Structures are given as C-alpha cells and as structure tokens.
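Structure data (compact mmCIF, C-alpha atoms) from protein-v1.txt:
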# COMPACT_ATOMS: atom_id res chain seq x y z
CA MET A 8 0.00 0.00 0.00
CA ASN A 9 1.50 3.33 -0.97
CA SER A 10 0.33 6.88 -0.38
CA SER A 11 -1.45 7.15 -3.69
CA ASP A 12 -3.51 4.04 -2.91
CA ALA A 13 -4.33 5.44 0.51
CA VAL A 14 -5.49 8.76 -0.92
CA ARG A 15 -7.35 7.10 -3.77
CA GLU A 16 -9.32 4.83 -1.46
CA GLY A 17 -9.85 7.59 1.09
CA LEU A 18 -11.35 9.84 -1.57
CA ILE A 19 -14.09 7.39 -2.54
CA PRO A 20 -16.37 8.08 0.44
CA LEU A 21 -15.65 11.83 0.15
CA LEU A 22 -16.93 12.11 -3.42
CA PRO A 23 -20.52 13.12 -2.52
CA ARG A 24 -19.33 15.94 -0.25
CA LEU A 25 -16.72 17.00 -2.74
CA ARG A 26 -19.40 17.22 -5.43
CA ARG A 27 -21.62 19.28 -3.13
CA LEU A 28 -18.78 21.70 -2.40
CA ALA A 29 -17.98 21.96 -6.10
CA ARG A 30 -21.64 22.61 -6.89
CA ALA A 31 -21.77 25.40 -4.34
CA LEU A 32 -18.59 26.96 -5.72
CA ALA A 33 -19.00 26.45 -9.46
CA GLY A 34 -22.78 26.47 -9.63
CA GLN A 35 -23.51 24.59 -12.82
CA ALA A 36 -23.57 20.81 -12.45
CA ALA A 37 -21.36 20.10 -15.45
CA ASP A 38 -18.81 22.73 -14.41
CA ALA A 39 -18.87 21.40 -10.87
CA ASP A 40 -18.09 17.86 -11.98
CA ASP A 41 -15.34 19.15 -14.26
CA LEU A 42 -13.93 20.82 -11.18
CA VAL A 43 -14.21 17.59 -9.19
CA GLN A 44 -12.32 15.78 -11.93
CA ILE A 45 -9.50 18.32 -11.78
CA VAL A 46 -9.45 18.01 -8.00
CA LEU A 47 -9.24 14.22 -8.07
CA GLU A 48 -6.42 14.30 -10.60
CA ARG A 49 -4.50 16.83 -8.55
CA ALA A 50 -5.08 14.96 -5.31
CA LEU A 51 -3.81 11.72 -6.81
CA ALA A 52 -0.79 13.44 -8.34
CA ARG A 53 0.03 15.03 -4.99
CA ALA A 54 -0.84 12.05 -2.84
CA ALA A 55 2.62 11.93 -1.32
CA GLN A 56 2.09 15.43 0.08
CA TRP A 57 -0.85 14.31 2.19
CA ARG A 58 0.16 13.78 5.80
CA PRO A 59 -1.81 10.81 7.14
CA ASP A 60 -2.32 12.63 10.43
CA ALA A 61 -4.16 15.39 8.55
CA ALA A 62 -7.84 15.00 7.72
CA LEU A 63 -8.16 13.93 4.10
CA ASP A 64 -11.41 15.85 3.64
CA LYS A 65 -9.88 19.19 4.58
CA TRP A 66 -6.83 18.47 2.46
CA VAL A 67 -8.88 17.70 -0.62
CA PHE A 68 -11.32 20.57 0.02
CA ALA A 69 -8.36 22.94 0.04
CA ILE A 70 -7.28 21.49 -3.30
CA ALA A 71 -10.83 22.01 -4.55
CA ARG A 72 -10.97 25.61 -3.43
CA ASN A 73 -7.60 26.38 -5.01
CA ALA A 74 -8.52 24.59 -8.23
CA TRP A 75 -11.74 26.60 -8.40
CA ARG A 76 -9.77 29.84 -7.95
CA ASP A 77 -7.42 28.73 -10.72
CA GLU A 78 -10.41 28.12 -12.99
CA LEU A 79 -11.81 31.54 -12.20
CA ARG A 80 -8.51 33.15 -13.05
CA ALA A 81 -8.25 31.14 -16.25
CA ARG A 82 -11.64 32.40 -17.30
CA GLY A 83 -10.57 35.93 -16.51
CA ARG A 84 -13.82 36.74 -14.77
CA SER A 85 -13.34 36.87 -11.06
CA GLN A 86 -16.75 38.23 -10.17
CA HIS A 87 -19.32 36.32 -12.17
CA LEU A 88 -18.57 32.83 -13.38
CA PHE A 89 -22.04 32.56 -14.83
CA ALA A 90 -24.50 35.11 -16.03
CA PRO A 91 -27.61 35.10 -13.87
CA GLU A 92 -29.72 33.50 -16.58
CA GLU A 93 -27.20 30.66 -16.80
CA ALA A 94 -27.38 30.25 -13.07
CA GLY A 95 -31.11 29.94 -13.42
CA GLU A 96 -30.74 27.28 -16.06
CA MET A 97 -28.25 25.34 -14.02
CA ALA A 98 -30.56 25.33 -11.10
CA ALA A 99 -33.50 24.38 -13.29
CA ASP A 100 -31.76 21.41 -14.90
CA ARG A 101 -31.43 19.57 -11.62
CA ALA A 102 -33.01 16.17 -11.55
CA SER A 103 -35.41 16.93 -8.76
CA ALA A 104 -37.74 19.85 -9.00
CA GLN A 105 -36.87 22.34 -6.30
CA PRO A 106 -38.92 25.13 -4.81
CA ALA A 107 -38.44 28.48 -6.48
CA GLN A 108 -36.90 29.88 -3.32
CA GLN A 109 -34.06 27.36 -3.45
CA LEU A 110 -33.39 28.11 -7.09
CA GLU A 111 -33.28 31.77 -6.31
CA LEU A 112 -30.92 31.14 -3.42
CA ALA A 113 -28.60 29.09 -5.62
CA MET A 114 -28.60 31.94 -8.14
CA ALA A 115 -27.88 34.46 -5.42
CA LEU A 116 -24.98 32.35 -4.19
CA ALA A 117 -23.59 32.06 -7.72
CA ALA A 118 -23.71 35.85 -8.00
CA LEU A 119 -21.69 36.45 -4.82
CA PRO A 120 -18.06 37.50 -5.09
CA PRO A 121 -15.75 34.45 -4.82
CA ASP A 122 -14.45 35.55 -1.40
CA HIS A 123 -17.98 35.42 -0.06
CA ARG A 124 -19.13 32.36 -1.93
CA GLU A 125 -16.32 30.21 -0.58
CA VAL A 126 -17.00 31.04 3.06
CA VAL A 127 -20.69 30.28 2.57
CA ALA A 128 -19.80 26.96 0.93
CA LEU A 129 -17.31 25.96 3.63
CA VAL A 130 -19.10 27.19 6.75
CA LEU A 131 -22.82 27.19 5.99
CA ILE A 132 -22.99 24.25 3.59
CA GLU A 133 -20.01 22.04 4.46
CA GLY A 134 -20.33 22.90 8.15
CA MET A 135 -16.73 23.85 8.93
CA SER A 136 -15.94 25.96 11.96
CA TYR A 137 -14.68 29.52 11.43
CA GLY A 138 -11.22 28.33 12.47
CA GLU A 139 -11.20 25.44 10.01
CA ALA A 140 -12.36 27.67 7.17
CA ALA A 141 -9.76 30.30 8.06
CA GLU A 142 -7.01 27.69 7.98
CA LEU A 143 -8.16 26.33 4.65
CA LEU A 144 -8.46 29.78 3.11
CA GLU A 145 -5.24 30.98 4.79
CA VAL A 146 -6.88 34.10 6.16
CA PRO A 147 -7.47 35.30 9.75
CA VAL A 148 -10.63 34.12 11.51
CA GLY A 149 -11.85 37.72 11.61
CA THR A 150 -11.76 37.82 7.82
CA VAL A 151 -13.93 34.72 7.66
CA THR A 152 -16.49 36.21 10.02
CA SER A 153 -16.69 39.55 8.23
CA ARG A 154 -17.01 37.92 4.79
CA LEU A 155 -19.62 35.56 6.13
CA ALA A 156 -21.62 38.41 7.63
CA ARG A 157 -21.66 40.32 4.36
CA ALA A 158 -22.54 37.21 2.36
CA ARG A 159 -25.40 36.50 4.76
CA THR A 160 -26.77 39.99 4.36
CA THR A 161 -26.83 39.61 0.58
CA LEU A 162 -28.35 36.13 0.61
CA GLN A 163 -30.93 36.98 3.23
CA ALA A 164 -32.08 39.88 1.15
CA HIS A 165 -32.95 37.34 -1.55
CA LEU A 166 -34.71 35.07 0.88
CA GLY A 167 -36.61 37.97 2.35
CA LYS A 168 -37.99 39.07 -1.00
CA ASP A 169 -40.36 36.13 -1.12
CA THR A 170 -41.50 36.14 2.45
CA MET B 18 -25.82 44.32 30.05
CA LYS B 19 -23.75 44.75 26.92
CA PRO B 20 -25.85 44.69 23.77
CA ILE B 21 -25.38 41.71 21.46
CA ASP B 22 -23.36 42.84 18.44
CA ASP B 23 -23.69 41.41 14.94
CA ASP B 24 -20.55 39.30 15.12
CA THR B 25 -21.68 37.73 18.38
CA LEU B 26 -25.11 37.00 16.98
CA GLN B 27 -23.62 35.34 13.89
CA ALA B 28 -21.22 33.30 16.01
CA TYR B 29 -24.17 32.24 18.14
CA VAL B 30 -26.10 31.00 15.12
CA ASP B 31 -23.04 29.15 13.81
CA GLY B 32 -22.33 27.46 17.12
CA GLU B 33 -19.04 29.26 17.63
CA LEU B 34 -19.71 30.71 21.09
CA ASP B 35 -18.64 29.07 24.30
CA ALA B 36 -21.32 28.08 26.78
CA ASP B 37 -21.22 31.31 28.81
CA ALA B 38 -21.43 33.58 25.80
CA ALA B 39 -24.22 31.49 24.28
CA ALA B 40 -26.15 31.71 27.54
CA ARG B 41 -25.89 35.52 27.43
CA VAL B 42 -27.38 35.51 23.92
CA ASP B 43 -30.09 33.09 25.01
CA ALA B 44 -31.02 35.47 27.82
CA ALA B 45 -31.14 38.44 25.46
CA LEU B 46 -33.26 36.56 22.94
CA ALA B 47 -35.86 35.80 25.57
CA HIS B 48 -36.93 39.43 25.76
CA ASP B 49 -35.82 40.87 22.43
CA ALA B 50 -38.16 39.91 19.59
CA VAL B 51 -36.09 41.74 16.96
CA LEU B 52 -32.98 39.84 17.94
CA ALA B 53 -34.91 36.58 17.98
CA ARG B 54 -36.21 37.24 14.49
CA ARG B 55 -32.69 37.85 13.18
CA VAL B 56 -31.53 34.56 14.66
CA GLN B 57 -34.47 32.83 13.07
CA GLN B 58 -33.66 34.36 9.67
CA ALA B 59 -30.01 33.35 9.89
CA ARG B 60 -31.01 29.79 10.74
CA ALA B 61 -33.52 29.76 7.90
CA LEU B 62 -30.77 30.75 5.48
CA ARG B 63 -28.64 27.84 6.59
CA THR B 64 -31.58 25.47 6.27
CA GLN B 65 -32.39 26.76 2.78
CA LEU B 66 -28.80 26.39 1.65
CA HIS B 67 -28.80 22.78 2.77
CA ALA B 68 -32.12 22.20 1.05
CA ALA B 69 -30.64 23.63 -2.15
CA PHE B 70 -27.34 21.73 -2.13
CA ASP B 71 -27.73 18.57 -0.06
CA PRO B 72 -29.57 16.75 -2.87
CA VAL B 73 -26.17 16.60 -4.58
CA LEU B 74 -25.08 14.17 -1.85
CA ASP B 75 -27.70 11.68 -2.99
CA GLU B 76 -27.03 11.93 -6.70
CA PRO B 77 -25.20 8.99 -8.22
CA VAL B 78 -21.56 9.92 -8.73
CA PRO B 79 -20.81 10.15 -12.45
CA ALA B 80 -18.85 7.12 -13.63
CA ARG B 81 -16.12 9.31 -15.11
CA LEU B 82 -15.34 10.55 -11.58
CA SER B 83 -15.52 7.28 -9.68
CA ALA B 84 -13.44 5.66 -12.46
CA LEU B 85 -10.55 7.94 -11.51
CA LEU B 86 -10.46 6.32 -8.09
CA GLN B 87 -10.40 2.74 -9.32
CA PRO B 88 -7.37 0.68 -8.45
CA PRO B 89 -5.13 0.03 -11.44
CA ALA B 90 -6.37 -3.00 -13.34
CA THR B 91 -2.93 -4.59 -13.45
CA PRO B 92 0.29 -4.09 -11.51
CA ALA B 93 1.61 -2.11 -14.47
CA ARG B 94 0.57 1.44 -13.73
CA THR B 95 -0.61 3.86 -16.31
CA GLY B 96 -0.53 7.62 -16.48
CA GLY B 97 0.73 9.06 -13.26
CA ARG B 98 3.53 6.64 -12.64
CA HIS B 99 6.31 9.13 -13.02
CA ALA B 100 4.61 11.67 -10.82
CA HIS B 101 4.13 9.07 -8.10
CA ALA B 102 7.73 7.96 -8.25
CA ARG B 103 8.91 11.54 -7.95
CA HIS B 104 6.74 12.19 -4.94
CA HIS B 105 7.87 9.04 -3.23
CA ARG B 106 11.48 10.03 -3.36
CA ARG B 107 10.82 13.06 -1.23
CA ALA B 108 8.29 11.38 1.04
CA PRO B 109 10.07 9.31 3.67
CA ARG B 110 6.87 8.78 5.66
CA ARG B 111 5.26 6.21 3.37
CA TRP B 112 5.11 3.54 6.09
CA TYR B 113 2.82 5.82 8.03
CA VAL B 114 0.28 5.94 5.25
CA GLY B 115 -0.16 2.19 5.30
CA ALA B 116 -0.82 2.23 9.02
CA ALA B 117 -3.40 4.97 8.71
CA LEU B 118 -5.06 3.20 5.84
CA ALA B 119 -5.25 -0.09 7.70
CA ALA B 120 -7.10 1.73 10.45
CA SER B 121 -9.55 3.20 8.00
CA VAL B 122 -10.31 0.09 5.97
CA ALA B 123 -13.30 -0.73 8.12
CA VAL B 124 -14.76 2.68 7.41
CA LEU B 125 -14.09 2.41 3.71
CA ALA B 126 -15.69 -0.98 3.47
CA VAL B 127 -19.17 0.48 3.76
CA ALA B 128 -18.58 2.99 1.01
CA VAL B 129 -17.37 0.95 -1.91
CA TRP B 130 -18.74 1.56 -5.30
CA TRP B 131 -17.40 1.03 -8.74
CA PRO B 132 -18.12 2.17 -12.24
CA HIS B 133 -20.21 -0.07 -14.37
CA ALA B 134 -21.55 -0.02 -17.87
CA GLY B 135 -24.97 0.80 -16.47
CA GLY B 136 -23.80 3.40 -13.98
CA ASP B 137 -22.99 3.29 -10.32
CA MET B 138 -24.51 0.61 -8.15
CA LEU B 139 -24.44 2.32 -4.78
CA ARG B 140 -25.18 5.73 -3.41
CA MET B 141 -24.52 7.12 0.03
CA GLN B 142 -27.28 8.65 2.07
CA GLY B 143 -27.15 9.58 5.72
CA GLY B 144 -23.95 7.60 6.12
CA GLN B 145 -25.53 4.42 4.77
CA SER B 146 -25.18 2.65 1.44
CA PHE B 147 -28.20 2.30 -0.79
CA ALA B 148 -28.59 0.46 -4.05
CA ALA B 149 -28.58 2.67 -7.14
CA GLY B 150 -28.69 2.27 -10.89
CA PRO B 151 -28.85 -1.29 -12.25
CA LEU B 152 -28.68 -2.82 -8.79
CA GLU B 153 -31.66 -0.81 -7.59
CA ARG B 154 -33.64 -1.69 -10.71
CA ALA B 155 -32.85 -5.39 -10.33
CA LEU B 156 -33.86 -5.38 -6.67
CA ASP B 157 -37.08 -3.60 -7.56
CA HIS B 158 -38.07 -5.75 -10.51
CA ALA B 159 -36.06 -8.94 -11.01
CA LEU B 160 -37.34 -12.28 -9.76
CA ALA B 161 -35.05 -15.14 -8.80
CA SER B 162 -37.72 -17.44 -10.18
CA GLU B 163 -37.18 -15.87 -13.60
CA PRO B 164 -33.39 -15.70 -13.79
CA ASN B 165 -31.79 -13.77 -16.61
CA ALA B 166 -28.32 -15.12 -17.29
CA ASP B 167 -27.36 -11.95 -19.16
CA ALA B 168 -28.29 -9.52 -16.41
CA ALA B 169 -25.51 -7.76 -14.52
CA VAL B 170 -27.27 -8.49 -11.23
CA ALA B 171 -28.40 -11.96 -10.15
CA ILE B 172 -31.00 -11.99 -7.40
CA GLY B 173 -30.71 -14.74 -4.81
CA LEU B 174 -32.84 -15.29 -1.74
CA SER B 175 -35.71 -13.04 -0.73
CA PHE B 176 -37.18 -13.11 2.74
CA ARG B 177 -38.79 -10.97 5.42
CA SER B 178 -36.23 -10.01 8.05
CA ASN B 179 -36.84 -10.08 11.78
CA ASP B 180 -37.38 -6.29 11.76
CA GLY B 181 -40.18 -6.64 9.21
CA HIS B 182 -38.35 -5.41 6.11
CA ILE B 183 -37.91 -7.52 3.03
CA CYS B 184 -34.31 -8.39 2.23
CA ARG B 185 -32.84 -9.85 -0.94
CA SER B 186 -29.39 -11.26 -1.55
CA PHE B 187 -27.74 -10.51 -4.85
CA VAL B 188 -24.60 -11.14 -6.86
CA LEU B 189 -23.03 -8.66 -9.24
CA ARG B 190 -21.75 -10.73 -12.10
CA HIS B 191 -19.26 -8.38 -13.69
CA ALA B 192 -15.69 -8.63 -12.48
CA PRO B 193 -14.85 -8.08 -9.77
CA ALA B 194 -17.84 -10.18 -8.74
CA ARG B 195 -19.50 -9.09 -5.53
CA ALA B 196 -22.28 -10.45 -3.40
CA GLY B 197 -24.39 -8.60 -0.90
CA LEU B 198 -27.64 -8.22 0.91
CA ALA B 199 -30.14 -5.41 0.43
CA CYS B 200 -33.06 -4.63 2.72
CA HIS B 201 -35.99 -2.51 1.62
CA SER B 202 -36.73 0.66 3.59
CA ASP B 203 -38.37 4.02 3.02
CA GLY B 204 -35.17 5.40 1.56
CA GLY B 205 -34.71 2.58 -0.95
CA TRP B 206 -32.66 -0.61 -0.75
CA ASN B 207 -30.23 -0.31 2.12
CA VAL B 208 -27.13 -2.44 1.52
CA PRO B 209 -25.70 -3.52 4.88
CA VAL B 210 -23.20 -5.96 3.43
CA LEU B 211 -21.31 -6.16 0.16
CA THR B 212 -18.28 -8.32 -0.32
CA ALA B 213 -16.12 -10.04 -2.90
CA ALA B 214 -17.73 -13.15 -4.34
CA PRO B 215 -16.64 -16.15 -6.35
CA ALA B 216 -17.70 -15.94 -9.98
CA PRO B 217 -21.44 -16.50 -9.81
CA GLY B 218 -23.50 -19.05 -11.62
CA ASN B 219 -27.07 -18.40 -12.62
CA GLY B 220 -29.95 -17.30 -10.46
CA ASP B 221 -31.30 -20.78 -9.95
CA GLU B 222 -28.17 -21.95 -8.21
CA LEU B 223 -28.28 -18.98 -5.91
CA ARG B 224 -31.84 -19.44 -4.95
CA GLN B 225 -31.37 -23.07 -4.11
CA ALA B 226 -29.79 -23.09 -0.66
CA GLY B 227 -27.94 -19.86 -1.32
CA SER B 228 -24.94 -21.82 -2.51
CA GLY B 229 -22.00 -19.76 -3.60
CA LEU B 230 -22.74 -16.87 -1.26
CA PRO B 231 -19.74 -15.57 0.70
CA ASP B 232 -19.71 -16.19 4.45
CA ALA B 233 -20.28 -12.52 5.25
CA VAL B 234 -23.50 -12.49 3.23
CA ARG B 235 -24.68 -15.80 4.66
CA ALA B 236 -24.03 -14.48 8.16
CA ALA B 237 -26.01 -11.32 7.38
CA ILE B 238 -28.89 -13.46 6.15
CA ASP B 239 -28.75 -15.77 9.16
CA ALA B 240 -28.82 -12.77 11.47
CA ARG B 241 -32.02 -11.46 9.86
CA LEU B 242 -33.89 -14.51 8.68
CA ARG B 243 -37.12 -15.23 10.48
CA GLY B 244 -39.05 -18.19 9.15
CA GLU B 245 -38.57 -19.31 5.58
CA VAL B 246 -37.20 -17.67 2.49
CA PHE B 247 -39.81 -16.75 -0.11
CA ASP B 248 -40.83 -19.24 -2.74
CA ALA B 249 -41.50 -18.07 -6.29
CA LYS B 250 -45.11 -17.17 -5.57
CA GLN B 251 -44.28 -15.21 -2.42
CA GLU B 252 -41.46 -13.44 -4.19
CA ARG B 253 -43.76 -12.28 -6.98
CA ALA B 254 -46.45 -11.24 -4.51
CA ALA B 255 -43.89 -9.22 -2.55
CA ARG B 256 -42.74 -7.47 -5.71
CA ASP B 257 -46.32 -6.67 -6.69
CA ALA B 258 -46.84 -5.20 -3.23
CA GLY B 259 -43.84 -2.90 -3.66
CA TRP B 260 -41.66 -4.85 -1.20
CA GLN B 261 -43.63 -3.50 1.72
In structure tokens, how does this file's structure come out?
Amino acid sequence: MNSSDAVREGLIPLLPRLRRLARALAGQAADADDLVQIVLERALARAAQWRPDAALDKWVFAIARNAWRDELRARGRSQHLFAPEEAGEMAADRASAQPAQQLELAMALAALPPDHREVVALVLIEGMSYGEAAELLEVPVGTVTSRLARARTTLQAHLGKDT
Amino acid sequence: MKPIDDDTLQAYVDGELDADAAARVDAALAHDAVLARRVQQARALRTQLHAAFDPVLDEPVPARLSALLQPPATPARTGGRHAHARHHRRAPRRWYVGAALAASVAVLAVAVWWPHAGGDMLRMQGGQSFAAGPLERALDHALASEPNADAAVAIGLSFRSNDGHICRSFVLRHAPARAGLACHSDGGWNVPVLTAAPAPGNGDELRQAGSGLPDAVRAAIDARLRGEVFDAKQERAARDAGWQ
C-alpha cells in the first residue's frame, strides 16, 4: 500500500461531499463535476504530500478551493462565473424539481463575489468551523467572520424578498 | 448588560460561542423579539442552503469521476507513474500511510462503489449505502424465479427479516464479482453488506440453498432470517406489493 492508494481509497467516500462543495462553488452541475475531476487528478498526483495525520477531507477541500480559484482566473472573470440566466438554467436542470426559493438562493450564491461564496460553501454548507475555514483559506478568523456576515446579508435579502 | 453585536449573533447562530457567551445571547433573545427574528432568519438561510445543495449528496456519482479512483487493473501502472515515483522520493513517511489506511479500511468498506456499464450501483445517504442504478432496478423488478443469465445483477434469496423489512441477496456478475444483501426501507434498498464473491452461476443456483454466497452475506442473512425464504409465488407477490 502506498500513499497514492491510501489517498485514492480515502477519496471514494468523500466524493458526494466533494461534489456538493464543487456545486456550491461552481454552480452549474457540469462545471462542478469538471472541477471535481480536476481536484481528483490533482489529489492523486500530490498524494505523497498528504500527511496521514491530517484529515483527508480538509486536504482535498483545500485542493478544490484552489482549483476553483485557478479556474476563475483562467476564465478571466473573477466576479461572475455565470451570467444570472445561466445560473437559473443550471438550477433548473437539476433532476429533482426544487422550490423556487431554493433556485433563487442558488442563483444568489452564484452571483456572490468568490471571497464570499467560498465562506458560505465551507461554513454554511459544508459545516466547517470559522477556524477550520480560516485555515483552509489561509486568512485570519476575523476575515472569515466579516465575509460571512456580508454574504449572509446579501443572501438573506434574496430570501426575504419572497417572504 | 452589553448589547449583542452582529458578530456575536452570527457566532451564536453558527455554534461558535462558548457556553457562557451562548447563555448571554439566550437570555437576550428571551426578551428581544427583533434579535430573535434575526436569529431565526439566519437559521432559515442555513436550512435553505442545505435544502438547495444537499440533494447533490444523494445523486449517483458520475462514472467518469468514480473511475478515476479505481485501483489500477494490473500491476503495471498507467498515467501518473512518473509523478508518483517523484513524490515518493521526497516522502520518507510512506510507512505511516499504510498504518493509517489499515485503520480506515473498516470505514471504507461500507462505502465501496465502482463504475459499471450501467452506472454506479451504490449511493450514500445519511452515512448508509443504498442500491442505485442497475442494482436498484434489479432489486425492484427482477425475480429469482425468472433468472436472466445476461443480467448484470443476479438476485438470490428473498425473505422478510426479523425487523419486518424484506431483504434480498444478490450477486453482481461483472468482475470483480460481488455479493451482498439489500433490505428494503423508506429510503430505498439499504445495503448492509457487500463483499467479494466467487464468480457467480445463474440465479437458480443462488436461490437453491444460497450456494455460492460468501460467508459474510450468509451471516447477514442468518442474522435477519425469520421463518422461511420466499418461494417463487411469495417473491412475486412481494414485488407486486412494492416490497412493503
């Protein structure tokens, strides 16, 4: 058993959460799975860098976040990966019909600046603590809390519209 | 008393406060309706985000992704060999990985799935494995009394378990052959056991005395079996009743 086998097998049960994180970051299902593919390839290529005493999920989520940032840079659009109408389509093409409010929320998330979107994805969706998110993002905890507060304000404005 | 600031309120909602600080917020909420409403809104946002994104957890993983995590088919490695070799040279802690993996094998064992021509066979939900794709369809529809030698999934014994749910053993014919047990529940076919199997024969063999089933599957059946396994008529009746 070598490190690449250990990482490969350890990633299997993480795939659903990794896909959820990618969906929250990238928005569109096809883009999200492209991102997951990049992440898996990078994780396998860097398997020897994983310290077995470190949690594999946080390690691979950090790779995912960085890969997503790389993709954003490659596209040269740091603010809006998708136009709002595309975000609507991506939400609408999901297998299960979702309430309009959830679609609108997914669109609002996709429209957030990347700094805000990633803290929402890590803390509110993945359930990381502020400290864990700060470590992953390599920013102070105070930065996480302030970004999260601003993201919440924006998203809650969307939620509030319907209620 | 100091008013509750925005950061404190957010930390409260996100479970980041220690017990004393949380108790102070609790006390303030009891007599401040505006504050209480803001907490409620923040919690609602979290709930809505989960409602919007958690369904991804239950989607079958696309085969192109799970295929990347398959073990190499032969000892001769493809693709990333050179990258691996390079990493190994500067990674003197390889022995440690094996130890950590050995410890985690038990956890991994419940979360095995593999790509298949017809899609993935298992999905994870609430920390449990459920049948998906061709396996789910076979469990829903196939009858051991009408074996199909070409099907990817061979159904074995069907019976009502001691907790009232109907369970069915099955064998996945495509290499690597696997055998398992699935029990029907509200969420679908829960798969409590799945293990490597000898190359299976046809459905008839399986149904008769469960021959060829691995010990782990036989043990899982023995632990659940109450009374007799279904005969062909009971099996069909159970299917027609939706495995209830």
Open item on the list: Can you pull out the residues contacting A:Ala31? Cut-off 9 Å, using all atoms listed in the file, and skip same-chain residues under 3 positions away; I want them as an NGL selection string.
Closed with: (:A and (26-28 or 34-35 or 39 or 113 or 116-117 or 124-125 or 127-128 or 132)) or (:B and (70))
How would the residues just picked look written out with C-alpha atoms as a CSV table (one decimal), in the coordinates of the input?
chain,number,residue,atom,x,y,z
A,26,ARG,CA,-19.4,17.2,-5.4
A,27,ARG,CA,-21.6,19.3,-3.1
A,28,LEU,CA,-18.8,21.7,-2.4
A,34,GLY,CA,-22.8,26.5,-9.6
A,35,GLN,CA,-23.5,24.6,-12.8
A,39,ALA,CA,-18.9,21.4,-10.9
A,113,ALA,CA,-28.6,29.1,-5.6
A,116,LEU,CA,-25.0,32.4,-4.2
A,117,ALA,CA,-23.6,32.1,-7.7
A,124,ARG,CA,-19.1,32.4,-1.9
A,125,GLU,CA,-16.3,30.2,-0.6
A,127,VAL,CA,-20.7,30.3,2.6
A,128,ALA,CA,-19.8,27.0,0.9
A,132,ILE,CA,-23.0,24.2,3.6
B,70,PHE,CA,-27.3,21.7,-2.1
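Closest approach to chain A among B:Gln145, B:Ser186, B:Ser178, B:Gln251: B:Gln145, based on only C-alpha atoms.
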Interface list for chain A, partner chain B, 6 Å threshold, all atoms listed in the file, as a PDB file with C-alpha atoms, keeping the file's coordinate frame:
ATOM      1  CA  MET A   8       0.000   0.000   0.000  1.00  0.00           C
ATOM      2  CA  SER A  10       0.330   6.880  -0.380  1.00  0.00           C
ATOM      3  CA  ALA A  13      -4.330   5.440   0.510  1.00  0.00           C
ATOM      4  CA  ARG A  15      -7.350   7.100  -3.770  1.00  0.00           C
ATOM      5  CA  PRO A  20     -16.370   8.080   0.440  1.00  0.00           C
ATOM      6  CA  PRO A  23     -20.520  13.120  -2.520  1.00  0.00           C
ATOM      7  CA  ARG A  27     -21.620  19.280  -3.130  1.00  0.00           C
ATOM      8  CA  ALA A  55       2.620  11.930  -1.320  1.00  0.00           C
ATOM      9  CA  PRO A  59      -1.810  10.810   7.140  1.00  0.00           C
ATOM     10  CA  GLN A 109     -34.060  27.360  -3.450  1.00  0.00           C
ATOM     11  CA  LEU A 131     -22.820  27.190   5.990  1.00  0.00           C
TER      12      LEU A 131
END
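Atom CA of A:Asp77 lies 22.3 Å from atom CA of A:Met135.
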TODO: May I have the residues within 12 Å of B:Asp43 as a PyMOL selection string, using only C-alpha atoms and disregarding those fewer than 3 positions away in the same chain?
DONE: chain B and resi 21+25-26+29-30+34+36-40+46-50+52-53+56
TODO: May I ask which of the residues A:Glu78, A:Leu110, A:Ala156, A:Leu21 is the closest one to A:Ala62, counting all atoms listed in the file?
DONE: A:Leu21
TODO: State, in Å with one decimal place, the distance from atom CA of B:Pro209 to atom CA of A:Asn9.
DONE: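 One can read the atom CA of B:Pro209 to atom CA of A:Asn9 distance as 28.7 Å.
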TODO: Write out as a PyMOL selection string each polymer residue whose atoms come within 10 Å of A:Leu25, counting only C-alpha atoms; drop sequence neighbours fewer than 6 positions from it.
DONE: (chain A and resi 18-19+31+39-40+42-43+46-47+64+67-68+71+133) or (chain B and resi 73-74)
- [ ] Provide the atom CA of B:Pro164 to atom CA of B:Ala249 distance in Å, to one decimal place.
- [x]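 A separation of 11.3 Å between them.
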